[in-house]
Amino acid sequence: MTTPQSCDALVIGGGVNGLTAAAYLARGGKRTLLVEARAAAGGLCETAPLSDGALGPMAAHAFYALDPRVLKELKLARHGLKFSVRDAPLSLLRGGADRLVLTRDVRASARSIATHSKSDAEAWPRYRNEMFALGRTMRALWWNANGKFVADGVVERIARTGAAAWLDSWFESDALKALLAFNASLLSPLESGSALLLLWRAAQEMCGLQAAVAFAAGGPGALVTALMKACEAAGVEIRTNAEVTELAIQGGRVVGARLSTGDGVTAPLVLSSLSRHTSLSQLANRAALGLAERRALNDKFPIAEAKIVLALDGLPEVRDTAGAFNGGLIFAERLESYVLAHADARAGRIPQEPIMEVTIPSIADPDLAPQGKHVASVLVRSVPREIPGGWSASKATFAAKALAQLDSRIPGLVNRVIAAEVLTPEDLSTRYHTEAEDLDVSRMLAPWPQRVQTPIENLFLCGADADVAPAISGRAGRIAATIAIGKH
Amino acid sequence: MRYDAAIIGAGADGLAAAITLARKGLKTVVIERGDRPGGLLATREFHPGFFASPYLDEIAPIPPRIHWDFGLSRRGAIFVPAPQSVAHWPGRQHVLALSDASPAMSLLHNARGASAQAIARAERNLGRPNGNVFSFARRHPAETWPGSAFSNRSLQQLLTVGLSDTDAQGHLAALALGGRIADPFLRGSGLQLLAPGAGLSGLVMGGLGTLAGALVHAAEEAGAEVRCGLDASDLRLDNGRITGVALADGCEIEVKAAISTLDLKRTFLSLFSWKALPKHLVTRTGAFRMAGSTARVLFALKWLPGFREPDLLRGPIHVAPDLSRFAEANLAWRAGTIASELPITFRVVSATDPGLAPQGSAVVTATFGGAPFRLFDGAWTREKRRILYDQALTAAETVFPGVTDQVLAADVITPVDIDEALGATDGDLWGGEIASDQMLDLRPWADPPAPRTPVRGLYLAGPSSPLGPLATCAAGVLAAEALLSDFKMASRK
């Protein structure tokens, strides 16, 4: 038996949050070890080659919530992070030539909205201003380790409102509502709290622009490359192919962990970027939890996402005056489509009309594909986590349905496909060890320490579900590290 | 004709408001469109010798203080609580009976406790005068509403924390919904526990009409006038303040204040002439969501059905309640279709109250949740009503085998009938969707807090006010007390 490795801080999981947490811990003077179960760090930010040599984003494909302080403090630009698109437009593609494009140009957006509804075009600048202003005030809570929620009537009302009701109170056209609802589609738009997701999106900032969407040059994996360099510069030790099997807990306090390699690690401080569920119910002794919490951990969130990455030998002829194809293309016929997709997914059915977001990053970043070729990335929201008979039996049906939808909205695209990678929720979960956690709306308004701390002393959560809403952000890693250093 | 106060609608809340005002010496008139007072509190002879309360068998509980204060028992309104609630699954040997003392019911008890606290809180906060409408906009009440903890949980989350047995979960969901529809998996549906559906408050002997009689008696004894057959068509405004009520027959009643017990939409969209109200008020009222989904079938039976133990007939019998069944029915309801298996609850009302049916025969009611007000393919025709009748009879046959040959007569009541008969928009007996942005402090909106409204001198009682879905009579009493407190303030000035 080898003597256990010892360090000041152990970080479990090498995703964006794990790497960020490790970098901050090391910068705070802790000898930090990061262990990653897979062969490479990066988690959901992965750019992988497709069969024809094109590079595709395997899970996350756009950034909308990166913490600007992480980017700045860890000097990620100096470590090579660049963006190919800094402020992508968001467009709705429906059947026929029906299109709606929202960009930062309020007047151009209003003109596009006006083809659907005059009164919505008038309401748009007011809606945007109000959400942006409210979003900025919420940063005090959502961006700061010690931020507190100051009771605010409007925010409390939004927290109890469904996205559908909230958007209905502003707009009349189904197209605009269907486009905006995508940002709340982690929940059904009928659920209380889904409107708060809209506000949370409005509070985010990318490249200095509020509520922008950006694509990293070279694919999302470029962020990981930069973070790895930042970790290296800070002196973090990274061990891959090392999965934590169990946490060592003594007297209600974590003291280290056991790895799948058989080695032990002693560490007075452990930050887990895995889900709350995995961290507390699989790695730690469940007896430390209260009954209600144990019961709550039992139900898995039944709704997940799927990914389809396509290599294309070219783009079909499309009329794209507004530059919509440079950004996110949302496929949703109506607001009600989200309700139906959500209910179908909950019941274990593949939705009749899948809700999708399509990006074609190779338009702005030609290096992603061989000359003249392209990569399209399709994110399918609200699909069942588990399906009767297993996902492997339904994978082909699912892919066919999604591609049919794609072909009806962008005619000719599917004919251009030369390679396709379909990742069902099961594939994503095996590949990335992810486990979607139920989004608890009351936690969205809770101060950071409540989400980061656990019932086990010195064990902190630094993953996406310690954040206000799950996203590629790094914020949870940064804040968890700050809180952990402060407590230690 | 001059009165201190006019009350629109002689339902439970209107009569409760009238009693409260008249007892304080206000000259009060209750204006009722129907030819009989009571509204939802009605008993109808739907077949010679057979009586039933057509819209609901049971109402939300009357707070004990009000019940006592109005002397309702002494005036003949006797409540008989159901000894238990039963869930029955066709083809299964066992039923699941839950009595009030069952541990599984603790969740409902907690919700009822929260309702009671919410009522108490609303009463404590009455003293605040109706100054400038917008002065309330930024102020935040220090005391949070009891029950708001239910707001961001789903019914399923609450039920799985309390109960591991899925049958009991389905049963409790059926009790919570009782004639309404909601997707129990969506956050916010936890609030359904707070607003008692066709729950366990008990039958009134003689039907709900008896309770209406007792309330009218108390109102008239206090000196209020209850006038039926009068249709209030317009509320007159002068300088943003209520000055009178115009009736459809052309008469006008001069008043200092009015209490509307109609739902929010009927109150602001039909009681005012089109341009009298500020636009934002009309918009906000338009955005309020109604969720009428109750349908009923009243059966007159030749015989008293048998069911395992006779005692089990004296409570509600839910057929195959299941969370996914509610979720699917909710989707169908949103699409304007009749679900193939609507959630259904039977009540053999004559087993508790034999006076409702001739000797040896029985009255059985079926209550559906999830019947749409607007069908996607047109009106509630005879054929569509027949679908409800057939679903009810098919389900009844699984509970009471042989019942099909015993049906003397049946009456089908759809959300459209409820809308027409009661003036309840979309047939919503609860005055607006039970959703977290439409309940408690946000019902019907946050400012000014109900029962006061943006129209000076107009108070909102009835189902769209915060206490409307939580209790019977409480919203009426609260609106009356707010009116009295504002009168007192005004006379001091």
# chains A, B, ... in the order shown; residues from 1 in each chain; ligands from 1

call {"tool": "select_by_dssp", "arguments": {"residues": "region 165-253 of chain B", "states": "alpha helix (DSSP H)", "output": "MDAnalysis selection string"}}
result
chainID B and resid 166:177 208:222

call {"tool": "residues_around", "arguments": {"residues": "Gly56 (chain A)", "least_positions_apart": "4", "cutoff": "7 Å", "atoms": "only C-alpha atoms", "output": "list in words"}}
result
Thr47, Ala48, Pro49, Leu50, Val309 and Val375 of chain A

call {"tool": "write_last_selection", "arguments": {"atoms": "all heavy atoms", "output": "compact mmCIF listing (two decimals), in the first residue's frame"}}
result
# COMPACT_ATOMS: atom_id res chain seq x y z
N THR A 47 -14.28 20.08 -27.57
CA THR A 47 -14.27 20.15 -29.03
C THR A 47 -13.61 18.87 -29.49
O THR A 47 -12.49 18.58 -29.10
CB THR A 47 -13.44 21.35 -29.52
OG1 THR A 47 -13.79 22.48 -28.72
CG2 THR A 47 -13.73 21.66 -30.97
N ALA A 48 -14.34 18.09 -30.29
CA ALA A 48 -13.77 16.80 -30.70
C ALA A 48 -13.84 16.70 -32.22
O ALA A 48 -14.75 17.23 -32.84
CB ALA A 48 -14.51 15.66 -30.05
N PRO A 49 -12.88 15.97 -32.83
CA PRO A 49 -12.92 15.81 -34.28
C PRO A 49 -14.03 14.86 -34.70
O PRO A 49 -14.27 13.85 -34.06
CB PRO A 49 -11.53 15.23 -34.60
CG PRO A 49 -11.02 14.66 -33.33
CD PRO A 49 -11.69 15.36 -32.20
N LEU A 50 -14.70 15.23 -35.77
CA LEU A 50 -15.69 14.34 -36.35
C LEU A 50 -14.98 13.47 -37.38
O LEU A 50 -13.79 13.67 -37.65
CB LEU A 50 -16.80 15.16 -37.00
CG LEU A 50 -17.59 16.00 -36.00
CD1 LEU A 50 -18.37 17.09 -36.71
CD2 LEU A 50 -18.52 15.12 -35.20
N VAL A 309 -24.24 16.48 -33.49
CA VAL A 309 -23.20 17.28 -34.16
C VAL A 309 -23.07 16.80 -35.59
O VAL A 309 -22.96 15.59 -35.83
CB VAL A 309 -21.84 17.16 -33.41
CG1 VAL A 309 -20.87 18.18 -33.97
CG2 VAL A 309 -22.05 17.38 -31.93
N VAL A 375 -19.60 22.85 -39.85
CA VAL A 375 -20.03 22.06 -38.69
C VAL A 375 -21.30 22.68 -38.14
O VAL A 375 -21.35 23.90 -37.95
CB VAL A 375 -18.95 22.09 -37.58
CG1 VAL A 375 -19.45 21.38 -36.35
CG2 VAL A 375 -17.67 21.47 -38.07

call {"tool": "residues_around", "arguments": {"residues": "Phe288 (chain B)", "least_positions_apart": "5", "cutoff": "8 Å", "atoms": "only C-alpha atoms", "output": "MDAnalysis selection string"}}
result
chainID B and resid 264:265 432 438 444

call {"tool": "closest_atom_pairs", "arguments": {"of": "chain A", "to": "chain B", "cutoff": "8 Å", "atoms": "only C-alpha atoms", "output": "JSON lines"}}
result
{"residue": "A:Ala151", "atom": "CA", "partner": "B:His140", "partner_atom": "CA", "distance": 7.6}
{"residue": "A:Asp152", "atom": "CA", "partner": "B:His140", "partner_atom": "CA", "distance": 7.5}
{"residue": "A:Gly153", "atom": "CA", "partner": "B:His140", "partner_atom": "CA", "distance": 6.6}
{"residue": "A:Arg157", "atom": "CA", "partner": "B:Asp437", "partner_atom": "CA", "distance": 6.6}
{"residue": "A:Arg160", "atom": "CA", "partner": "B:Asp437", "partner_atom": "CA", "distance": 5.3}
{"residue": "A:Thr161", "atom": "CA", "partner": "B:Asp437", "partner_atom": "CA", "distance": 5.0}
{"residue": "A:Gly162", "atom": "CA", "partner": "B:Asp437", "partner_atom": "CA", "distance": 7.8}
{"residue": "A:Asp168", "atom": "CA", "partner": "B:Ala287", "partner_atom": "CA", "distance": 7.5}
{"residue": "A:Ser169", "atom": "CA", "partner": "B:Ala287", "partner_atom": "CA", "distance": 6.2}
{"residue": "A:Ser188", "atom": "CA", "partner": "B:Leu186", "partner_atom": "CA", "distance": 7.4}
{"residue": "A:Leu190", "atom": "CA", "partner": "B:Leu186", "partner_atom": "CA", "distance": 7.2}
{"residue": "A:Glu191", "atom": "CA", "partner": "B:Arg187", "partner_atom": "CA", "distance": 4.9}
{"residue": "A:Ser192", "atom": "CA", "partner": "B:Gly188", "partner_atom": "CA", "distance": 5.2}
{"residue": "A:Gly193", "atom": "CA", "partner": "B:Asn152", "partner_atom": "CA", "distance": 7.0}
{"residue": "A:Ala292", "atom": "CA", "partner": "B:Val161", "partner_atom": "CA", "distance": 6.2}
{"residue": "A:Arg295", "atom": "CA", "partner": "B:Val161", "partner_atom": "CA", "distance": 6.0}
{"residue": "A:Ala296", "atom": "CA", "partner": "B:Val161", "partner_atom": "CA", "distance": 6.7}
{"residue": "A:Leu340", "atom": "CA", "partner": "B:Leu331", "partner_atom": "CA", "distance": 7.5}
{"residue": "A:Ala343", "atom": "CA", "partner": "B:Ala327", "partner_atom": "CA", "distance": 7.8}
{"residue": "A:Ala347", "atom": "CA", "partner": "B:Ser324", "partner_atom": "CA", "distance": 7.7}
{"residue": "A:Val441", "atom": "CA", "partner": "B:Asn152", "partner_atom": "CA", "distance": 6.5}
{"residue": "A:Ser442", "atom": "CA", "partner": "B:Asn152", "partner_atom": "CA", "distance": 7.0}

call {"tool": "write_last_selection", "arguments": {"atoms": "N, CA, C and O atoms", "output": "PDB file, in the first residue's frame"}}
result
ATOM      1  N   ALA A 151     -35.316  42.043  -0.355  1.00  0.00           N
ATOM      2  CA  ALA A 151     -36.699  41.804  -0.762  1.00  0.00           C
ATOM      3  C   ALA A 151     -37.136  42.866  -1.760  1.00  0.00           C
ATOM      4  O   ALA A 151     -36.991  44.062  -1.528  1.00  0.00           O
ATOM      5  N   ASP A 152     -37.590  42.402  -2.900  1.00  0.00           N
ATOM      6  CA  ASP A 152     -38.007  43.303  -3.950  1.00  0.00           C
ATOM      7  C   ASP A 152     -39.294  42.723  -4.521  1.00  0.00           C
ATOM      8  O   ASP A 152     -39.334  41.566  -4.946  1.00  0.00           O
ATOM      9  N   GLY A 153     -40.358  43.507  -4.491  1.00  0.00           N
ATOM     10  CA  GLY A 153     -41.665  43.024  -4.920  1.00  0.00           C
ATOM     11  C   GLY A 153     -41.664  42.460  -6.327  1.00  0.00           C
ATOM     12  O   GLY A 153     -42.223  41.395  -6.581  1.00  0.00           O
ATOM     13  N   ARG A 157     -42.187  38.575  -7.455  1.00  0.00           N
ATOM     14  CA  ARG A 157     -43.297  38.207  -8.328  1.00  0.00           C
ATOM     15  C   ARG A 157     -42.769  37.366  -9.505  1.00  0.00           C
ATOM     16  O   ARG A 157     -43.343  36.348  -9.849  1.00  0.00           O
ATOM     17  N   ARG A 160     -42.165  33.840  -8.757  1.00  0.00           N
ATOM     18  CA  ARG A 160     -43.342  32.980  -8.612  1.00  0.00           C
ATOM     19  C   ARG A 160     -44.152  32.909  -9.898  1.00  0.00           C
ATOM     20  O   ARG A 160     -45.283  32.424  -9.891  1.00  0.00           O
ATOM     21  N   THR A 161     -43.568  33.401 -10.996  1.00  0.00           N
ATOM     22  CA  THR A 161     -44.331  33.437 -12.239  1.00  0.00           C
ATOM     23  C   THR A 161     -43.722  32.487 -13.263  1.00  0.00           C
ATOM     24  O   THR A 161     -42.502  32.320 -13.306  1.00  0.00           O
ATOM     25  N   GLY A 162     -44.562  31.896 -14.048  1.00  0.00           N
ATOM     26  CA  GLY A 162     -44.091  31.070 -15.148  1.00  0.00           C
ATOM     27  C   GLY A 162     -43.646  31.954 -16.300  1.00  0.00           C
ATOM     28  O   GLY A 162     -44.160  33.068 -16.468  1.00  0.00           O
ATOM     29  N   ASP A 168     -46.555  36.479 -21.653  1.00  0.00           N
ATOM     30  CA  ASP A 168     -47.919  36.864 -22.051  1.00  0.00           C
ATOM     31  C   ASP A 168     -48.256  38.271 -21.567  1.00  0.00           C
ATOM     32  O   ASP A 168     -49.012  38.987 -22.210  1.00  0.00           O
ATOM     33  N   SER A 169     -47.714  38.621 -20.391  1.00  0.00           N
ATOM     34  CA  SER A 169     -48.057  39.930 -19.847  1.00  0.00           C
ATOM     35  C   SER A 169     -47.354  41.056 -20.616  1.00  0.00           C
ATOM     36  O   SER A 169     -47.708  42.218 -20.472  1.00  0.00           O
ATOM     37  N   SER A 188     -40.565  23.906 -17.495  1.00  0.00           N
ATOM     38  CA  SER A 188     -41.723  24.148 -18.340  1.00  0.00           C
ATOM     39  C   SER A 188     -42.103  25.618 -18.171  1.00  0.00           C
ATOM     40  O   SER A 188     -42.006  26.159 -17.073  1.00  0.00           O
ATOM     41  N   LEU A 190     -44.748  26.833 -17.800  1.00  0.00           N
ATOM     42  CA  LEU A 190     -45.887  26.995 -16.884  1.00  0.00           C
ATOM     43  C   LEU A 190     -45.436  26.974 -15.443  1.00  0.00           C
ATOM     44  O   LEU A 190     -46.198  27.285 -14.528  1.00  0.00           O
ATOM     45  N   GLU A 191     -44.183  26.581 -15.186  1.00  0.00           N
ATOM     46  CA  GLU A 191     -43.756  26.392 -13.814  1.00  0.00           C
ATOM     47  C   GLU A 191     -43.385  27.695 -13.146  1.00  0.00           C
ATOM     48  O   GLU A 191     -42.768  28.558 -13.765  1.00  0.00           O
ATOM     49  N   SER A 192     -43.750  27.798 -11.885  1.00  0.00           N
ATOM     50  CA  SER A 192     -43.351  28.995 -11.162  1.00  0.00           C
ATOM     51  C   SER A 192     -41.831  29.006 -11.117  1.00  0.00           C
ATOM     52  O   SER A 192     -41.198  27.980 -10.916  1.00  0.00           O
ATOM     53  N   GLY A 193     -41.243  30.170 -11.326  1.00  0.00           N
ATOM     54  CA  GLY A 193     -39.788  30.279 -11.291  1.00  0.00           C
ATOM     55  C   GLY A 193     -39.162  30.280 -12.664  1.00  0.00           C
ATOM     56  O   GLY A 193     -38.025  30.700 -12.825  1.00  0.00           O
ATOM     57  N   ALA A 292     -35.529  14.538   4.834  1.00  0.00           N
ATOM     58  CA  ALA A 292     -36.143  15.228   3.702  1.00  0.00           C
ATOM     59  C   ALA A 292     -35.128  15.365   2.572  1.00  0.00           C
ATOM     60  O   ALA A 292     -35.441  15.140   1.411  1.00  0.00           O
ATOM     61  N   ARG A 295     -34.614  12.036   0.844  1.00  0.00           N
ATOM     62  CA  ARG A 295     -35.742  11.739  -0.049  1.00  0.00           C
ATOM     63  C   ARG A 295     -35.647  12.585  -1.306  1.00  0.00           C
ATOM     64  O   ARG A 295     -35.860  12.089  -2.405  1.00  0.00           O
ATOM     65  N   ALA A 296     -35.292  13.850  -1.139  1.00  0.00           N
ATOM     66  CA  ALA A 296     -35.231  14.742  -2.289  1.00  0.00           C
ATOM     67  C   ALA A 296     -34.130  14.294  -3.247  1.00  0.00           C
ATOM     68  O   ALA A 296     -34.256  14.426  -4.452  1.00  0.00           O
ATOM     69  N   LEU A 340     -45.598  21.221 -24.213  1.00  0.00           N
ATOM     70  CA  LEU A 340     -45.813  19.857 -24.688  1.00  0.00           C
ATOM     71  C   LEU A 340     -44.516  19.053 -24.636  1.00  0.00           C
ATOM     72  O   LEU A 340     -44.509  17.912 -24.181  1.00  0.00           O
ATOM     73  N   ALA A 343     -43.797  18.102 -21.085  1.00  0.00           N
ATOM     74  CA  ALA A 343     -44.685  17.056 -20.572  1.00  0.00           C
ATOM     75  C   ALA A 343     -44.349  15.710 -21.206  1.00  0.00           C
ATOM     76  O   ALA A 343     -44.357  14.675 -20.530  1.00  0.00           O
ATOM     77  N   ALA A 347     -42.939  12.318 -19.283  1.00  0.00           N
ATOM     78  CA  ALA A 347     -43.636  11.038 -19.365  1.00  0.00           C
ATOM     79  C   ALA A 347     -42.802   9.973 -20.078  1.00  0.00           C
ATOM     80  O   ALA A 347     -43.283   8.879 -20.325  1.00  0.00           O
ATOM     81  N   VAL A 441     -36.019  26.522  -7.293  1.00  0.00           N
ATOM     82  CA  VAL A 441     -36.171  27.956  -7.492  1.00  0.00           C
ATOM     83  C   VAL A 441     -35.841  28.750  -6.227  1.00  0.00           C
ATOM     84  O   VAL A 441     -35.261  29.833  -6.283  1.00  0.00           O
ATOM     85  N   SER A 442     -36.164  28.172  -5.057  1.00  0.00           N
ATOM     86  CA  SER A 442     -35.880  28.936  -3.844  1.00  0.00           C
ATOM     87  C   SER A 442     -34.365  29.074  -3.652  1.00  0.00           C
ATOM     88  O   SER A 442     -33.887  30.041  -3.064  1.00  0.00           O
TER      89      SER A 442
END

call {"tool": "select_by_dssp", "arguments": {"residues": "region 274-481 of chain B", "states": "strand (DSSP E)", "output": "ChimeraX atom specification"}}
result
/B:294-301,317-319,344-347,362-369,407-413,458-460

call {"tool": "write_last_selection", "arguments": {"atoms": "C-alpha atoms", "output": "short mmCIF file (atom, residue, chain, number, x, y, z; two decimals), in the first residue's frame"}}
result
data_model
loop_
_atom_site.label_atom_id
_atom_site.label_comp_id
_atom_site.auth_asym_id
_atom_site.auth_seq_id
_atom_site.Cartn_x
_atom_site.Cartn_y
_atom_site.Cartn_z
CA THR B 294 -65.17 21.36 -13.54
CA ALA B 295 -67.92 19.24 -15.03
CA ARG B 296 -70.54 17.25 -13.20
CA VAL B 297 -72.97 14.46 -13.83
CA LEU B 298 -75.87 14.08 -11.40
CA PHE B 299 -77.40 10.62 -11.38
CA ALA B 300 -80.84 9.69 -10.05
CA LEU B 301 -80.63 5.96 -9.31
CA ILE B 317 -64.72 7.84 -4.04
CA HIS B 318 -61.87 8.67 -6.43
CA VAL B 319 -61.46 6.37 -9.39
CA ILE B 344 -63.36 11.55 -11.65
CA THR B 345 -64.73 11.47 -8.13
CA PHE B 346 -68.07 9.99 -7.08
CA ARG B 347 -70.11 11.05 -4.10
CA ALA B 362 -80.14 7.32 -4.46
CA VAL B 363 -78.45 10.43 -5.76
CA VAL B 364 -74.86 9.97 -6.94
CA THR B 365 -72.78 12.83 -8.28
CA ALA B 366 -69.73 12.54 -10.49
CA THR B 367 -67.24 15.43 -10.41
CA PHE B 368 -64.74 15.76 -13.23
CA GLY B 369 -61.60 17.89 -13.29
CA VAL B 407 -80.22 5.14 -13.92
CA LEU B 408 -83.56 6.98 -13.84
CA ALA B 409 -82.24 10.33 -15.00
CA ALA B 410 -78.96 12.17 -15.31
CA ASP B 411 -78.02 15.80 -15.61
CA VAL B 412 -74.72 16.83 -17.22
CA ILE B 413 -73.22 20.17 -16.18
CA LEU B 458 -64.94 49.33 -4.75
CA TYR B 459 -63.91 46.23 -2.83
CA LEU B 460 -63.24 42.81 -4.23
#

call {"tool": "residues_around", "arguments": {"residues": "Pro415 (chain B)", "least_positions_apart": "3", "cutoff": "10 Å", "atoms": "only C-alpha atoms", "output": "PyMOL selection string"}}
result
chain B and resi 55+291-296+370-374+380+418-421+424-429

call {"tool": "closest_atom_pairs", "arguments": {"of": "region 211-319 of chain A", "to": "region 454-459 of chain A", "cutoff": "6 Å", "atoms": "only C-alpha atoms", "output": "tab-separated table"}}
result
residue	atom	partner	partner_atom	distance
A:Gly252	CA	A:Ile456	CA	5.6
A:Arg253	CA	A:Glu457	CA	4.5
A:Val254	CA	A:Asn458	CA	5.9
A:Leu269	CA	A:Asn458	CA	5.2
A:Val270	CA	A:Leu459	CA	5.0
A:Leu271	CA	A:Leu459	CA	5.9

call {"tool": "write_last_selection", "arguments": {"atoms": "all heavy atoms", "output": "PDB file, in the first residue's frame"}}
result
ATOM      1  N   GLY A 252     -17.941  13.882  10.945  1.00  0.00           N
ATOM      2  CA  GLY A 252     -18.730  14.869  10.216  1.00  0.00           C
ATOM      3  C   GLY A 252     -17.900  15.849   9.406  1.00  0.00           C
ATOM      4  O   GLY A 252     -18.395  16.866   8.946  1.00  0.00           O
ATOM      5  N   ARG A 253     -16.608  15.514   9.233  1.00  0.00           N
ATOM      6  CA  ARG A 253     -15.703  16.425   8.536  1.00  0.00           C
ATOM      7  C   ARG A 253     -14.952  15.633   7.480  1.00  0.00           C
ATOM      8  O   ARG A 253     -14.534  14.511   7.722  1.00  0.00           O
ATOM      9  CB  ARG A 253     -14.747  17.001   9.585  1.00  0.00           C
ATOM     10  CG  ARG A 253     -13.556  17.729   9.054  1.00  0.00           C
ATOM     11  CD  ARG A 253     -12.708  18.190  10.214  1.00  0.00           C
ATOM     12  NE  ARG A 253     -13.502  18.929  11.205  1.00  0.00           N
ATOM     13  CZ  ARG A 253     -12.971  19.610  12.209  1.00  0.00           C
ATOM     14  NH1 ARG A 253     -11.678  19.644  12.373  1.00  0.00           N
ATOM     15  NH2 ARG A 253     -13.731  20.252  13.051  1.00  0.00           N
ATOM     16  N   VAL A 254     -14.820  16.208   6.289  1.00  0.00           N
ATOM     17  CA  VAL A 254     -14.133  15.479   5.241  1.00  0.00           C
ATOM     18  C   VAL A 254     -12.627  15.626   5.444  1.00  0.00           C
ATOM     19  O   VAL A 254     -12.138  16.696   5.805  1.00  0.00           O
ATOM     20  CB  VAL A 254     -14.589  15.968   3.840  1.00  0.00           C
ATOM     21  CG1 VAL A 254     -14.123  17.367   3.561  1.00  0.00           C
ATOM     22  CG2 VAL A 254     -14.104  15.035   2.745  1.00  0.00           C
ATOM     23  N   LEU A 269      -9.430  19.974   2.858  1.00  0.00           N
ATOM     24  CA  LEU A 269     -10.425  20.790   2.176  1.00  0.00           C
ATOM     25  C   LEU A 269     -10.751  20.099   0.860  1.00  0.00           C
ATOM     26  O   LEU A 269      -9.855  19.773   0.098  1.00  0.00           O
ATOM     27  CB  LEU A 269      -9.822  22.178   1.926  1.00  0.00           C
ATOM     28  CG  LEU A 269     -10.701  23.255   1.329  1.00  0.00           C
ATOM     29  CD1 LEU A 269     -11.845  23.560   2.282  1.00  0.00           C
ATOM     30  CD2 LEU A 269      -9.861  24.514   1.090  1.00  0.00           C
ATOM     31  N   VAL A 270     -12.056  19.846   0.623  1.00  0.00           N
ATOM     32  CA  VAL A 270     -12.437  19.182  -0.626  1.00  0.00           C
ATOM     33  C   VAL A 270     -13.524  19.988  -1.322  1.00  0.00           C
ATOM     34  O   VAL A 270     -14.521  20.373  -0.700  1.00  0.00           O
ATOM     35  CB  VAL A 270     -12.935  17.736  -0.364  1.00  0.00           C
ATOM     36  CG1 VAL A 270     -13.403  17.094  -1.665  1.00  0.00           C
ATOM     37  CG2 VAL A 270     -11.841  16.897   0.275  1.00  0.00           C
ATOM     38  N   LEU A 271     -13.304  20.276  -2.594  1.00  0.00           N
ATOM     39  CA  LEU A 271     -14.323  20.950  -3.400  1.00  0.00           C
ATOM     40  C   LEU A 271     -14.771  19.988  -4.485  1.00  0.00           C
ATOM     41  O   LEU A 271     -13.938  19.489  -5.246  1.00  0.00           O
ATOM     42  CB  LEU A 271     -13.774  22.236  -4.035  1.00  0.00           C
ATOM     43  CG  LEU A 271     -13.871  23.501  -3.177  1.00  0.00           C
ATOM     44  CD1 LEU A 271     -12.871  23.440  -2.038  1.00  0.00           C
ATOM     45  CD2 LEU A 271     -13.656  24.745  -4.020  1.00  0.00           C
TER      46      LEU A 271
END

call {"tool": "residues_around", "arguments": {"residues": "Ala23 (chain A)", "least_positions_apart": "6", "cutoff": "8 Å", "atoms": "only C-alpha atoms", "output": "list in words"}}
result
Leu74, Ala230, Cys231, Ala234, Gly235 and Val236 of chain A

call {"tool": "residues_around", "arguments": {"residues": "Leu199 (chain A)", "least_positions_apart": "3", "cutoff": "7 Å", "atoms": "only C-alpha atoms", "output": "ChimeraX atom specification"}}
result
/A:131,135,195-196,202-203

call {"tool": "write_last_selection", "arguments": {"atoms": "N, CA, C and O atoms", "output": "compact mmCIF listing (two decimals), in the first residue's frame"}}
result
# COMPACT_ATOMS: atom_id res chain seq x y z
N MET A 131 -35.77 44.37 -18.11
CA MET A 131 -35.07 43.13 -17.74
C MET A 131 -33.59 43.39 -17.53
O MET A 131 -32.98 42.84 -16.61
N GLY A 135 -31.87 42.87 -14.10
CA GLY A 135 -30.79 41.90 -14.13
C GLY A 135 -29.53 42.46 -13.50
O GLY A 135 -28.86 41.79 -12.72
N ALA A 195 -39.83 32.18 -15.08
CA ALA A 195 -39.58 33.56 -15.49
C ALA A 195 -38.29 34.08 -14.87
O ALA A 195 -37.62 34.96 -15.43
N LEU A 196 -37.92 33.51 -13.71
CA LEU A 196 -36.69 33.95 -13.05
C LEU A 196 -35.47 33.55 -13.90
O LEU A 196 -34.44 34.23 -13.87
N ALA A 202 -30.78 37.59 -18.42
CA ALA A 202 -30.61 39.02 -18.69
C ALA A 202 -29.51 39.62 -17.82
O ALA A 202 -28.95 40.66 -18.14
N ALA A 203 -29.20 38.95 -16.70
CA ALA A 203 -28.18 39.48 -15.79
C ALA A 203 -26.77 39.14 -16.26
O ALA A 203 -25.80 39.72 -15.80

call {"tool": "residues_around", "arguments": {"residues": "region 14-23 of chain B", "least_positions_apart": "5", "cutoff": "10 Å", "atoms": "only C-alpha atoms", "output": "number ranges by chain"}}
result
B: 4-9, 28-32, 37-39, 66, 69-70, 212, 214-226, 259-262, 461-462, 472-481, 483-484

call {"tool": "atom_distance", "arguments": {"atom1": "CA of Leu379 (chain A)", "atom2": "CA of Tyr432 (chain A)"}}
result
15.7 Å

call {"tool": "atom_distance", "arguments": {"atom1": "CA of Trp274 (chain B)", "atom2": "CA of Ala482 (chain B)"}}
result
27.1 Å
